[in-house]
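K.L.:
My structure file coords07.txt, compact mmCIF, C-alpha atoms and all ligand atoms, is below:
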```txt
# COMPACT_ATOMS: atom_id res chain seq x y z
CA MET C 1 -2.05 2.65 -25.31
CA ALA C 2 -4.70 1.35 -22.96
CA ARG C 3 -7.83 3.50 -22.86
CA VAL C 4 -9.65 4.06 -19.64
CA SER C 5 -13.36 4.56 -19.64
CA SER C 6 -14.22 4.19 -15.96
CA LYS C 7 -15.20 7.41 -14.19
CA VAL C 8 -12.55 6.98 -11.54
CA ARG C 9 -9.29 5.96 -13.15
CA ASN C 10 -8.27 3.28 -10.73
CA PRO C 11 -4.56 2.64 -11.41
CA TYR C 12 -4.75 -0.95 -10.29
CA LEU C 13 -7.41 -1.74 -12.86
CA ILE C 14 -5.48 0.25 -15.44
CA ASN C 15 -2.16 -1.43 -14.77
CA HIS C 16 -3.83 -4.79 -14.96
CA LYS C 17 -4.81 -4.03 -18.57
CA LEU C 18 -1.62 -2.23 -19.48
CA ARG C 19 0.85 -3.55 -22.00
CA TRP C 20 4.34 -2.23 -21.28
CA SER C 21 5.08 -1.35 -24.88
CA SER C 22 4.52 2.38 -24.35
CA LYS C 23 7.21 4.77 -23.19
CA PHE C 24 7.10 5.44 -19.46
CA SER C 25 6.86 9.21 -19.92
CA ASP C 26 3.81 8.79 -22.17
CA LEU C 27 2.16 6.68 -19.53
CA TYR C 28 2.92 9.30 -16.92
CA LYS C 29 1.52 12.12 -19.05
CA ALA C 30 -1.61 10.09 -19.66
CA GLY C 31 -1.97 9.53 -15.95
CA ILE C 32 -1.51 5.80 -16.48
CA ILE C 33 1.24 4.82 -14.10
CA PHE C 34 1.80 2.78 -10.98
CA PHE C 35 1.27 5.04 -8.00
CA ALA C 36 4.30 3.31 -6.52
CA ASP C 37 6.46 5.13 -9.07
CA ALA C 38 4.74 8.47 -8.68
CA SER C 39 6.87 9.89 -5.87
CA LYS C 40 9.92 10.02 -8.15
CA PHE C 41 8.16 12.39 -10.53
CA LEU C 42 6.21 14.70 -8.29
CA PRO C 43 7.02 18.18 -7.07
CA MET C 44 8.40 18.50 -3.57
CA ASP C 45 5.60 20.54 -2.01
CA TYR C 46 3.34 17.70 -0.88
CA LEU C 47 3.75 16.30 2.64
CA SER C 48 4.00 12.72 1.39
CA SER C 49 6.76 13.29 -1.17
CA GLY C 50 8.38 16.51 0.11
CA PHE C 51 10.08 15.36 3.32
CA SER C 52 12.63 13.43 1.28
CA LYS C 53 14.04 16.79 0.08
CA VAL C 54 12.74 19.57 2.28
CA ASP C 55 15.36 22.03 1.03
CA SER C 56 14.02 21.78 -2.55
CA ALA C 57 10.48 22.75 -1.57
CA GLN C 58 9.19 26.17 -2.60
CA ASP C 59 7.65 26.68 0.80
CA GLN C 60 9.69 24.94 3.50
CA SER C 61 7.53 26.41 6.28
CA VAL C 62 4.82 23.85 5.37
CA PHE C 63 7.13 21.07 6.59
CA VAL C 64 8.15 22.95 9.71
CA SER C 65 4.55 23.64 10.73
CA CYS C 66 3.57 20.04 9.93
CA LEU C 67 6.16 18.78 12.45
CA GLN C 68 5.00 21.34 15.03
CA THR C 69 1.36 20.29 14.61
CA LEU C 70 2.10 16.59 14.89
CA CYS C 71 4.27 17.09 18.00
CA SER C 72 1.31 18.78 19.72
CA LEU C 73 -1.10 15.83 19.25
CA PRO C 74 -1.57 13.27 22.05
CA TYR C 75 -1.15 10.27 19.71
CA PHE C 76 2.30 11.44 18.62
CA GLN C 77 3.32 12.46 22.13
CA ASN C 78 2.31 9.01 23.45
CA TYR C 79 4.17 6.83 21.01
CA LYS C 80 7.21 9.16 21.13
CA LYS C 81 7.27 8.81 24.91
CA LYS C 82 7.10 5.00 24.56
CA SER C 83 9.86 4.94 21.96
CA ILE C 84 12.16 6.99 24.21
CA GLN C 85 11.37 4.73 27.17
CA ILE C 86 12.32 1.69 25.07
CA LEU C 87 15.57 3.37 24.02
CA ALA C 88 16.19 3.74 27.79
CA PRO C 89 18.59 6.69 27.86
CA ARG C 90 20.68 6.71 31.04
CA ASN C 91 23.51 8.75 32.53
CA GLY C 92 26.46 8.73 30.18
CA SER C 93 24.66 7.14 27.17
CA ARG C 94 25.80 8.01 23.64
CA LEU C 95 22.70 8.02 21.44
CA LEU C 96 21.95 8.72 17.79
CA GLU C 97 18.75 10.32 16.48
CA ILE C 98 18.19 9.87 12.74
CA GLY C 99 16.12 12.40 10.74
CA CYS C 100 15.75 14.60 13.81
CA GLY C 101 13.66 17.33 12.13
CA LEU C 102 13.42 20.26 14.52
CA GLY C 103 15.32 18.31 17.20
CA GLU C 104 12.54 18.20 19.81
CA ASP C 105 12.88 14.49 20.59
CA ALA C 106 16.69 14.71 20.61
CA LEU C 107 16.45 17.50 23.18
CA GLY C 108 14.16 15.37 25.38
CA ILE C 109 16.67 12.51 25.21
CA ALA C 110 19.62 14.82 25.91
CA GLN C 111 17.92 15.95 29.12
CA MET C 112 17.91 12.33 30.34
CA ILE C 113 21.57 11.39 29.92
CA GLY C 114 23.46 13.85 32.10
CA GLU C 115 26.61 15.80 31.29
CA GLN C 116 28.67 12.70 30.53
CA GLY C 117 26.20 11.52 27.88
CA LYS C 118 25.92 12.64 24.27
CA VAL C 119 23.11 12.88 21.73
CA VAL C 120 24.03 13.21 18.09
CA ALA C 121 21.08 14.19 15.89
CA ILE C 122 21.32 14.12 12.10
CA ASP C 123 19.05 15.35 9.33
CA SER C 124 19.55 15.66 5.58
CA SER C 125 17.77 19.04 5.48
CA LYS C 126 19.86 22.20 6.00
CA LYS C 127 16.65 24.04 6.86
CA MET C 128 15.73 21.63 9.68
CA ILE C 129 19.25 21.71 11.15
CA GLU C 130 19.35 25.52 10.84
CA ILE C 131 16.07 25.88 12.78
CA ALA C 132 17.16 23.39 15.46
CA ARG C 133 20.45 25.28 15.87
CA LYS C 134 18.57 28.52 16.56
CA ASP C 135 17.44 27.08 19.90
CA PRO C 136 20.21 27.67 22.46
CA MET C 137 19.06 24.69 24.57
CA LYS C 138 19.43 22.38 21.58
CA MET C 139 22.76 23.95 20.59
CA ASP C 140 24.09 23.34 24.12
CA SER C 141 22.96 19.78 24.57
CA ILE C 142 22.82 18.12 21.15
CA GLN C 143 25.40 17.65 18.43
CA LEU C 144 23.32 18.58 15.36
CA CYS C 145 24.76 17.39 12.03
CA LEU C 146 23.75 17.64 8.41
CA ALA C 147 24.03 14.06 7.14
CA ASP C 148 22.30 11.43 5.03
CA ALA C 149 20.86 8.46 6.92
CA CYS C 150 22.12 6.19 4.12
CA ASN C 151 25.72 7.26 4.62
CA LEU C 152 26.35 8.07 8.28
CA PRO C 153 29.65 9.82 9.05
CA PHE C 154 30.25 7.75 12.22
CA ARG C 155 32.47 4.77 13.03
CA ASP C 156 31.09 1.26 13.63
CA GLY C 157 29.68 0.81 17.14
CA ALA C 158 29.98 4.51 18.03
CA PHE C 159 26.61 4.64 19.86
CA ASP C 160 24.83 2.83 22.68
CA GLY C 161 21.57 3.07 20.80
CA ALA C 162 19.71 4.78 17.96
CA ARG C 163 16.22 5.98 17.19
CA ALA C 164 14.35 7.02 14.03
CA ASP C 165 10.82 8.44 13.95
CA ARG C 166 8.91 8.74 10.65
CA VAL C 167 12.09 8.99 8.61
CA LEU C 168 12.49 5.74 6.66
CA GLN C 169 9.13 6.37 4.94
CA HIS C 170 10.83 9.32 3.20
CA ILE C 171 13.88 7.37 2.00
CA PHE C 172 13.99 5.50 -1.31
CA ASP C 173 16.41 2.87 0.08
CA PRO C 174 15.22 2.43 3.69
CA ARG C 175 17.07 -0.88 4.04
CA LYS C 176 20.37 0.96 3.50
CA ALA C 177 19.52 3.59 6.13
CA PHE C 178 18.51 0.80 8.51
CA ALA C 179 21.82 -1.01 7.94
CA GLU C 180 23.69 2.22 8.67
CA MET C 181 21.89 2.61 12.02
CA VAL C 182 22.76 -1.01 12.87
CA ARG C 183 26.40 -0.48 11.91
CA THR C 184 26.82 2.56 14.12
CA ILE C 185 25.41 1.02 17.32
CA LYS C 186 27.48 -1.28 19.48
CA ASP C 187 26.62 -4.91 20.29
CA LYS C 188 23.69 -5.12 22.72
CA GLY C 189 22.77 -1.57 21.68
CA ARG C 190 19.08 -0.77 21.23
CA LEU C 191 17.44 0.37 18.05
CA VAL C 192 13.94 1.88 18.14
CA VAL C 193 12.08 2.82 14.96
CA TYR C 194 8.54 4.10 14.43
CA GLU C 195 7.13 4.17 10.90
CA PRO C 196 3.58 4.37 9.49
CA ASP C 197 2.26 1.85 7.01
CA TRP C 198 0.13 3.78 4.54
CA GLY C 199 -1.61 0.60 3.40
CA THR C 200 -3.57 0.98 6.65
CA PHE C 201 -4.85 4.47 5.78
CA ILE C 202 -8.68 4.67 5.70
CA ILE C 203 -11.15 7.52 5.22
CA SER C 204 -14.92 7.43 5.66
CA PRO C 205 -17.44 8.23 4.30
CA GLY C 206 -17.08 8.45 0.54
CA GLN C 207 -17.55 6.44 -2.59
CA LYS C 208 -15.34 3.35 -2.32
CA GLU C 209 -13.39 3.90 -5.55
CA ILE C 210 -12.67 7.55 -4.78
CA CYS C 211 -11.61 6.89 -1.19
CA ARG C 212 -9.39 4.06 -2.42
CA THR C 213 -7.82 6.31 -5.05
CA MET C 214 -7.14 9.08 -2.50
CA THR C 215 -5.64 6.84 0.19
CA GLN C 216 -3.55 4.82 -2.28
CA LEU C 217 -2.23 7.91 -4.01
CA PHE C 218 -1.25 9.43 -0.66
CA GLY C 219 0.51 6.23 0.44
CA ASP C 220 2.23 5.53 -2.85
CA THR C 221 3.72 8.99 -3.15
CA PHE C 222 5.87 8.37 -0.08
CA PRO C 223 9.21 6.95 -1.20
CA SER C 224 8.58 4.00 1.16
CA GLY C 225 4.89 4.03 2.02
CA TRP C 226 4.79 0.37 3.16
CA ILE C 227 7.78 0.62 5.48
CA GLY C 228 5.67 -0.16 8.58
CA ARG C 229 5.11 -3.76 7.52
CA GLN C 230 8.73 -4.16 6.35
CA LEU C 231 10.38 -3.04 9.60
CA PRO C 232 10.06 -6.29 11.58
CA GLY C 233 11.76 -8.12 8.70
CA PHE C 234 14.66 -5.63 8.73
CA PHE C 235 15.26 -6.34 12.45
CA GLN C 236 15.12 -10.12 11.79
CA GLU C 237 17.53 -9.91 8.85
CA GLU C 238 20.06 -8.02 10.98
CA GLY C 239 19.85 -10.76 13.64
CA PHE C 240 18.36 -8.57 16.38
CA GLU C 241 17.23 -10.09 19.69
CA LYS C 242 14.22 -9.17 21.83
CA ILE C 243 12.34 -7.77 18.84
CA GLN C 244 9.10 -6.12 19.86
CA ILE C 245 6.42 -4.89 17.45
CA ARG C 246 3.85 -2.44 18.75
CA PRO C 247 1.09 -1.32 16.36
CA GLU C 248 -0.01 2.22 17.21
CA THR C 249 -3.26 3.41 15.61
CA PHE C 250 -4.10 7.04 15.06
CA SER C 251 -7.72 7.98 14.42
CA THR C 252 -9.67 11.20 14.28
CA ASP C 253 -13.22 12.36 13.62
CA ASP C 254 -11.99 15.91 12.99
CA LEU C 255 -11.82 16.74 9.28
CA VAL C 256 -9.86 19.95 9.87
CA LEU C 257 -7.13 18.00 11.66
CA ALA C 258 -7.18 15.25 9.02
CA ILE C 259 -6.68 17.88 6.31
CA GLN C 260 -3.54 19.06 8.13
CA VAL C 261 -2.16 15.63 9.03
CA PHE C 262 -2.92 13.85 5.75
CA ASP C 263 -2.75 16.76 3.32
CA LEU C 264 -6.24 15.68 2.16
CA VAL C 265 -7.09 18.68 -0.01
CA ASN C 266 -3.72 18.93 -1.77
CA ASN C 267 -3.72 15.19 -2.27
CA ALA C 268 -7.21 15.30 -3.82
CA HIS C 269 -6.10 18.02 -6.25
CA ARG C 270 -3.00 16.03 -7.08
CA ALA C 271 -5.24 13.04 -7.90
CA GLN C 272 -7.15 15.32 -10.23
CA LYS C 273 -3.98 16.72 -11.85
CA MET C 274 -2.78 13.19 -12.46
CA GLY C 275 -6.09 12.36 -14.12
CA TYR C 276 -7.35 9.77 -11.63
CA VAL C 277 -10.46 11.73 -10.69
CA SER C 278 -12.34 14.63 -12.24
CA GLU C 279 -12.69 18.11 -10.78
CA SER C 280 -16.36 17.50 -9.96
CA GLN C 281 -15.49 14.24 -8.21
CA VAL C 282 -12.92 16.04 -6.05
CA GLU C 283 -15.44 18.75 -5.19
CA SER C 284 -18.24 16.36 -4.31
CA TRP C 285 -15.88 14.12 -2.30
CA LEU C 286 -14.66 17.07 -0.24
CA GLU C 287 -18.25 18.29 0.21
CA ASP C 288 -19.33 14.82 1.39
CA LEU C 289 -16.50 14.78 3.92
CA SER C 290 -17.40 18.25 5.12
CA GLU C 291 -21.07 17.28 5.51
CA ALA C 292 -20.06 14.11 7.37
CA HIS C 293 -17.82 16.17 9.66
CA LYS C 294 -20.75 18.45 10.55
CA GLN C 295 -22.89 15.41 11.35
CA GLY C 296 -20.14 13.71 13.37
CA ARG C 297 -19.80 10.89 10.80
CA PHE C 298 -16.28 11.64 9.51
CA PHE C 299 -13.61 9.07 10.40
CA CYS C 300 -10.02 8.66 9.35
CA SER C 301 -7.23 6.39 10.62
CA TYR C 302 -3.82 4.80 10.00
CA THR C 303 -1.50 2.49 11.90
CA GLY C 304 2.17 3.07 12.58
CA PHE C 305 4.53 0.43 13.95
CA LEU C 306 6.92 0.97 16.82
CA VAL C 307 9.57 -1.72 16.41
CA SER C 308 12.57 -2.23 18.66
CA GLY C 309 15.31 -4.75 19.31
CA GLU C 310 18.78 -5.35 20.69
CA LYS C 311 21.76 -5.82 18.39
CA LEU C 312 23.31 -9.27 18.87
C1 LIG C 401 8.51 13.48 9.07
S1 LIG C 401 10.00 14.24 9.50
C2 LIG C 401 10.25 13.56 11.16
C3 LIG C 401 11.13 14.42 12.00
C4 LIG C 401 11.31 13.95 13.43
N1 LIG C 401 11.87 12.63 13.48
C5 LIG C 401 10.00 14.01 14.19
O1 LIG C 401 9.51 12.95 14.63
O2 LIG C 401 9.45 15.11 14.34
C6 LIG C 401 11.25 13.40 8.56
C7 LIG C 401 12.63 14.00 8.69
O3 LIG C 401 13.55 13.14 8.04
C8 LIG C 401 14.48 13.92 7.31
N2 LIG C 401 15.05 13.08 6.23
C9 LIG C 401 14.48 12.70 5.08
N3 LIG C 401 15.33 11.96 4.36
C10 LIG C 401 16.48 11.85 5.10
C11 LIG C 401 17.73 11.21 4.90
N4 LIG C 401 18.00 10.50 3.78
N5 LIG C 401 18.68 11.31 5.86
C12 LIG C 401 18.43 12.02 6.99
N6 LIG C 401 17.27 12.66 7.23
C13 LIG C 401 16.29 12.57 6.30
C14 LIG C 401 13.65 15.10 6.83
O4 LIG C 401 14.46 16.21 6.46
C15 LIG C 401 12.77 15.37 8.05
O5 LIG C 401 13.36 16.26 8.94
```
Written as structure tokens, how would this file's structure read?
P.N.:
Amino acid sequence: MARVSSKVRNPYLINHKLRWSSKFSDLYKAGIIFFADASKFLPMDYLSSGFSKVDSAQDQSVFVSCLQTLCSLPYFQNYKKKSIQILAPRNGSRLLEIGCGLGEDALGIAQMIGEQGKVVAIDSSKKMIEIARKDPMKMDSIQLCLADACNLPFRDGAFDGARADRVLQHIFDPRKAFAEMVRTIKDKGRLVVYEPDWGTFIISPGQKEICRTMTQLFGDTFPSGWIGRQLPGFFQEEGFEKIQIRPETFSTDDLVLAIQVFDLVNNAHRAQKMGYVSESQVESWLEDLSEAHKQGRFFCSYTGFLVSGEKL
């Protein structure tokens, strides 16, 4: 088995040297593994890997409060508003919301389509649907269903349009989920999808190798961490017209917020558990970030892509 002597165990360097004669499980135990495969083997309590199976998490409230925090931030409110404007709900529209979470966006859409319209919102998590159903406004105006985006229980062309927001990143076969959305909207129907691309995730300051390890590990533990860059191609492959791609960049100089949004501390400890960095490296990295925050030098950012089109 390949031996690693560098202080920071950069997986890209390691994989470059690796000979695939060893058993996969041995490589995993030794911490020598493509990050891209890591999400399949990690516990469900991290924000990056846990949203694919919220109901299996030990503490589901983490996911609920994450969604509530994000909804309260101007960046998220702005792109969500744009994505709903592009969907253009009108009186009588029948619209589908995929991976609705707590159902906040679905409720907003339902309030725009009048009594003749209908919003169907699906999520694969019982917990999310249960919480959404506790709100009488949502119960009255949205049809909330437990369903898998990769196998939608609706007929072809059932909807005038569909929307997904930060859902495909949590799905191992996002192309299948995308095809299902396309199938269930009618011709000329609009599809609007927003997804991050975690290859755009940057943190400063910090030693280059450690920052790279932290951002790559975070991105690669999403089932589909590069979905942002893949989305335009999905729309092209399905023959959509009027495709529009809007990059939307989030940035913050607030370390406390970044810890919440990007799970920075948990992710750093995960990097340590997986053997990519040592305990002292994690501690000094977090201290450096904290010092930078105090001095107004902390900076963190990623870009998500709002992509839309009309089905031919
Ligand atoms: C990051 S949350 C986004 C929720 C909501 N769209 C929002 O913007 O607040 C991702 C949601 O997708 C759901 N999800 C994950 N995999 C799914 C799948 N295969 N089918 C349907 N929903 C899924 C999760 O349960 C979670 O509620």
K.L.:
Which is closest to ligand LIG 401 (chain C) among C:Gly99, C:Gly114, C:Gly157, C:Pro136, if we use all atoms listed in the file?
P.N.:
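Closest to ligand LIG 401 (chain C), using all atoms listed in the file: C:Gly99.
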K.L.:
Any idea what's packed within 10 Å of Gln85 of chain C, counting all atoms listed in the file, ignoring anything in its chain fewer than 4 positions away? Could you give it as a count of residues only?
P.N.:
6
K.L.:
Check the smallest atom-to-atom distance from each of C:Trp285, C:Gly92, C:Gln236, C:Gly228 to Lys208 of chain C using only C-alpha atoms, then report the winner.
P.N.:
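Once distances to Lys208 of chain C are computed over only C-alpha atoms, the minimum belongs to C:Trp285.
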K.L.:
Using only C-alpha atoms, determine which residues lie at most 9 Å from Ile98 of chain C, disregarding the query and same-chain residues fewer than 2 positions distant; provide the list as a VMD selection string.
P.N.:
chain C and resid 96 100 to 101 120 to 123 148 to 149 162 to 165 167 181
K.L.:
Dump as a PDB file with C-alpha atoms, in the frame of the given file all residues having an atom at most 12 Å from (20.8, 26.2, 10.7), computed in the file's coordinates with all atoms listed in the file.
P.N.:
```
ATOM      1  CA  ASP C  55      15.360  22.030   1.030  1.00  0.00           C
ATOM      2  CA  GLY C 101      13.660  17.330  12.130  1.00  0.00           C
ATOM      3  CA  LEU C 102      13.420  20.260  14.520  1.00  0.00           C
ATOM      4  CA  GLY C 103      15.320  18.310  17.200  1.00  0.00           C
ATOM      5  CA  ASP C 123      19.050  15.350   9.330  1.00  0.00           C
ATOM      6  CA  SER C 124      19.550  15.660   5.580  1.00  0.00           C
ATOM      7  CA  SER C 125      17.770  19.040   5.480  1.00  0.00           C
ATOM      8  CA  LYS C 126      19.860  22.200   6.000  1.00  0.00           C
ATOM      9  CA  LYS C 127      16.650  24.040   6.860  1.00  0.00           C
ATOM     10  CA  MET C 128      15.730  21.630   9.680  1.00  0.00           C
ATOM     11  CA  ILE C 129      19.250  21.710  11.150  1.00  0.00           C
ATOM     12  CA  GLU C 130      19.350  25.520  10.840  1.00  0.00           C
ATOM     13  CA  ILE C 131      16.070  25.880  12.780  1.00  0.00           C
ATOM     14  CA  ALA C 132      17.160  23.390  15.460  1.00  0.00           C
ATOM     15  CA  ARG C 133      20.450  25.280  15.870  1.00  0.00           C
ATOM     16  CA  LYS C 134      18.570  28.520  16.560  1.00  0.00           C
ATOM     17  CA  ASP C 135      17.440  27.080  19.900  1.00  0.00           C
ATOM     18  CA  PRO C 136      20.210  27.670  22.460  1.00  0.00           C
ATOM     19  CA  LYS C 138      19.430  22.380  21.580  1.00  0.00           C
ATOM     20  CA  MET C 139      22.760  23.950  20.590  1.00  0.00           C
ATOM     21  CA  LEU C 144      23.320  18.580  15.360  1.00  0.00           C
ATOM     22  CA  CYS C 145      24.760  17.390  12.030  1.00  0.00           C
ATOM     23  CA  LEU C 146      23.750  17.640   8.410  1.00  0.00           C
TER      24      LEU C 146
END
```
K.L.:
Can you list, as a ChimeraX atom specification, every protein, DNA or RNA residue that comes within 6 Å of Glu248 of chain C when you count only C-alpha atoms, leaving out same-chain residues fewer than 4 positions away?
P.N.:
/C:303-305
K.L.:
For Gln207 of chain C, which residue among C:Gln116, C:Ser72, C:Gln58, C:Gln281 is the nearest when counting all atoms listed in the file?
P.N.:
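Of C:Gln116, C:Ser72, C:Gln58, C:Gln281, the one nearest Gln207 of chain C, counting all atoms listed in the file, is C:Gln281.
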K.L.:
Can you tell me how far atom CA of Ala179 of chain C sits from atom C1 of ligand LIG 401 (chain C), in Å to one decimal?
P.N.:
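So the answer is 19.7 Å.
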K.L.:
Using only C-alpha atoms, which protein or nucleic acid residues come within 9 Å of Phe159 of chain C? Drop anything in the same chain fewer than 6 positions from it, and give the result as a PyMOL selection string.
P.N.:
chain C and resi 93-96+184-186+189
K.L.:
How many Å lie between atom C14 of ligand LIG 401 (chain C) and atom CA of Cys300 of chain C, rounded to one decimal?
P.N.:
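Computed distance, atom C14 of ligand LIG 401 (chain C) to atom CA of Cys300 of chain C, equals 24.7 Å.
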K.L.:
Give me the residues of segment 234-272 of chain C that have any atom at most 12 Å from an atom of segment 195-198 of chain C; for each, the nearest atom pair and the distance in Å, rounded to one decimal. Use only C-alpha atoms, sort by chain and number, and format it as JSON lines.
P.N.:
```
{"residue": "C:Ile245", "atom": "CA", "partner": "C:Glu195", "partner_atom": "CA", "distance": 11.2}
{"residue": "C:Arg246", "atom": "CA", "partner": "C:Glu195", "partner_atom": "CA", "distance": 10.8}
{"residue": "C:Pro247", "atom": "CA", "partner": "C:Pro196", "partner_atom": "CA", "distance": 9.3}
{"residue": "C:Glu248", "atom": "CA", "partner": "C:Pro196", "partner_atom": "CA", "distance": 8.8}
{"residue": "C:Thr249", "atom": "CA", "partner": "C:Pro196", "partner_atom": "CA", "distance": 9.2}
{"residue": "C:Phe250", "atom": "CA", "partner": "C:Pro196", "partner_atom": "CA", "distance": 9.9}
{"residue": "C:Phe262", "atom": "CA", "partner": "C:Trp198", "partner_atom": "CA", "distance": 10.6}
```
K.L.:
Go ahead and compute the interatomic distance for atom CA of Leu217 of chain C and atom C3 of ligand LIG 401 (chain C), in Å to one decimal.
P.N.:
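It comes out at 21.8 Å.
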K.L.:
Within 12 Å of (-5.1, 12.3, 4.4), all atoms listed in the file: residues as a PyMOL selection string?
P.N.:
chain C and resi 46-48+198+200-204+211-219+250-252+254-268+286+289+299-302
K.L.:
For ligand LIG 401 (chain C), which residue among C:Asn91, C:Ser278, C:Gln111, C:Asn151 is the nearest when counting all atoms listed in the file?
P.N.:
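Counting all atoms listed in the file, the residue closest to ligand LIG 401 (chain C) is C:Asn151.
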K.L.:
Would you compute an axis-aligned box for segment 170-174 of chain C, covering every atom listed for it in the file with 6 Å of margin on each side, and report centre and edge lengths in Å to one decimal as JSON?
P.N.:
```
{"center_x": 13.6, "center_y": 5.9, "center_z": 1.2, "size_x": 17.6, "size_y": 18.9, "size_z": 17.0}
```
K.L.:
Quick one: of C:Met137, C:Ala57, C:Val282, C:Val277, who's nearest to ligand LIG 401 (chain C), counting all atoms listed in the file?
P.N.:
C:Ala57
K.L.:
Got a sec: who's within 9 Å of Lys188 of chain C, counting all atoms listed in the file, leaving out chain neighbours fewer than 6 positions off, as a PDB file with C-alpha atoms, in the frame of the given file?
P.N.:
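Listing of around_18.pdb after writing:
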```
ATOM      1  CA  ASP C 160      24.830   2.830  22.680  1.00  0.00           C
ATOM      2  CA  GLY C 161      21.570   3.070  20.800  1.00  0.00           C
ATOM      3  CA  PHE C 240      18.360  -8.570  16.380  1.00  0.00           C
ATOM      4  CA  GLU C 241      17.230 -10.090  19.690  1.00  0.00           C
ATOM      5  CA  GLU C 310      18.780  -5.350  20.690  1.00  0.00           C
ATOM      6  CA  LYS C 311      21.760  -5.820  18.390  1.00  0.00           C
ATOM      7  CA  LEU C 312      23.310  -9.270  18.870  1.00  0.00           C
TER       8      LEU C 312
END
```
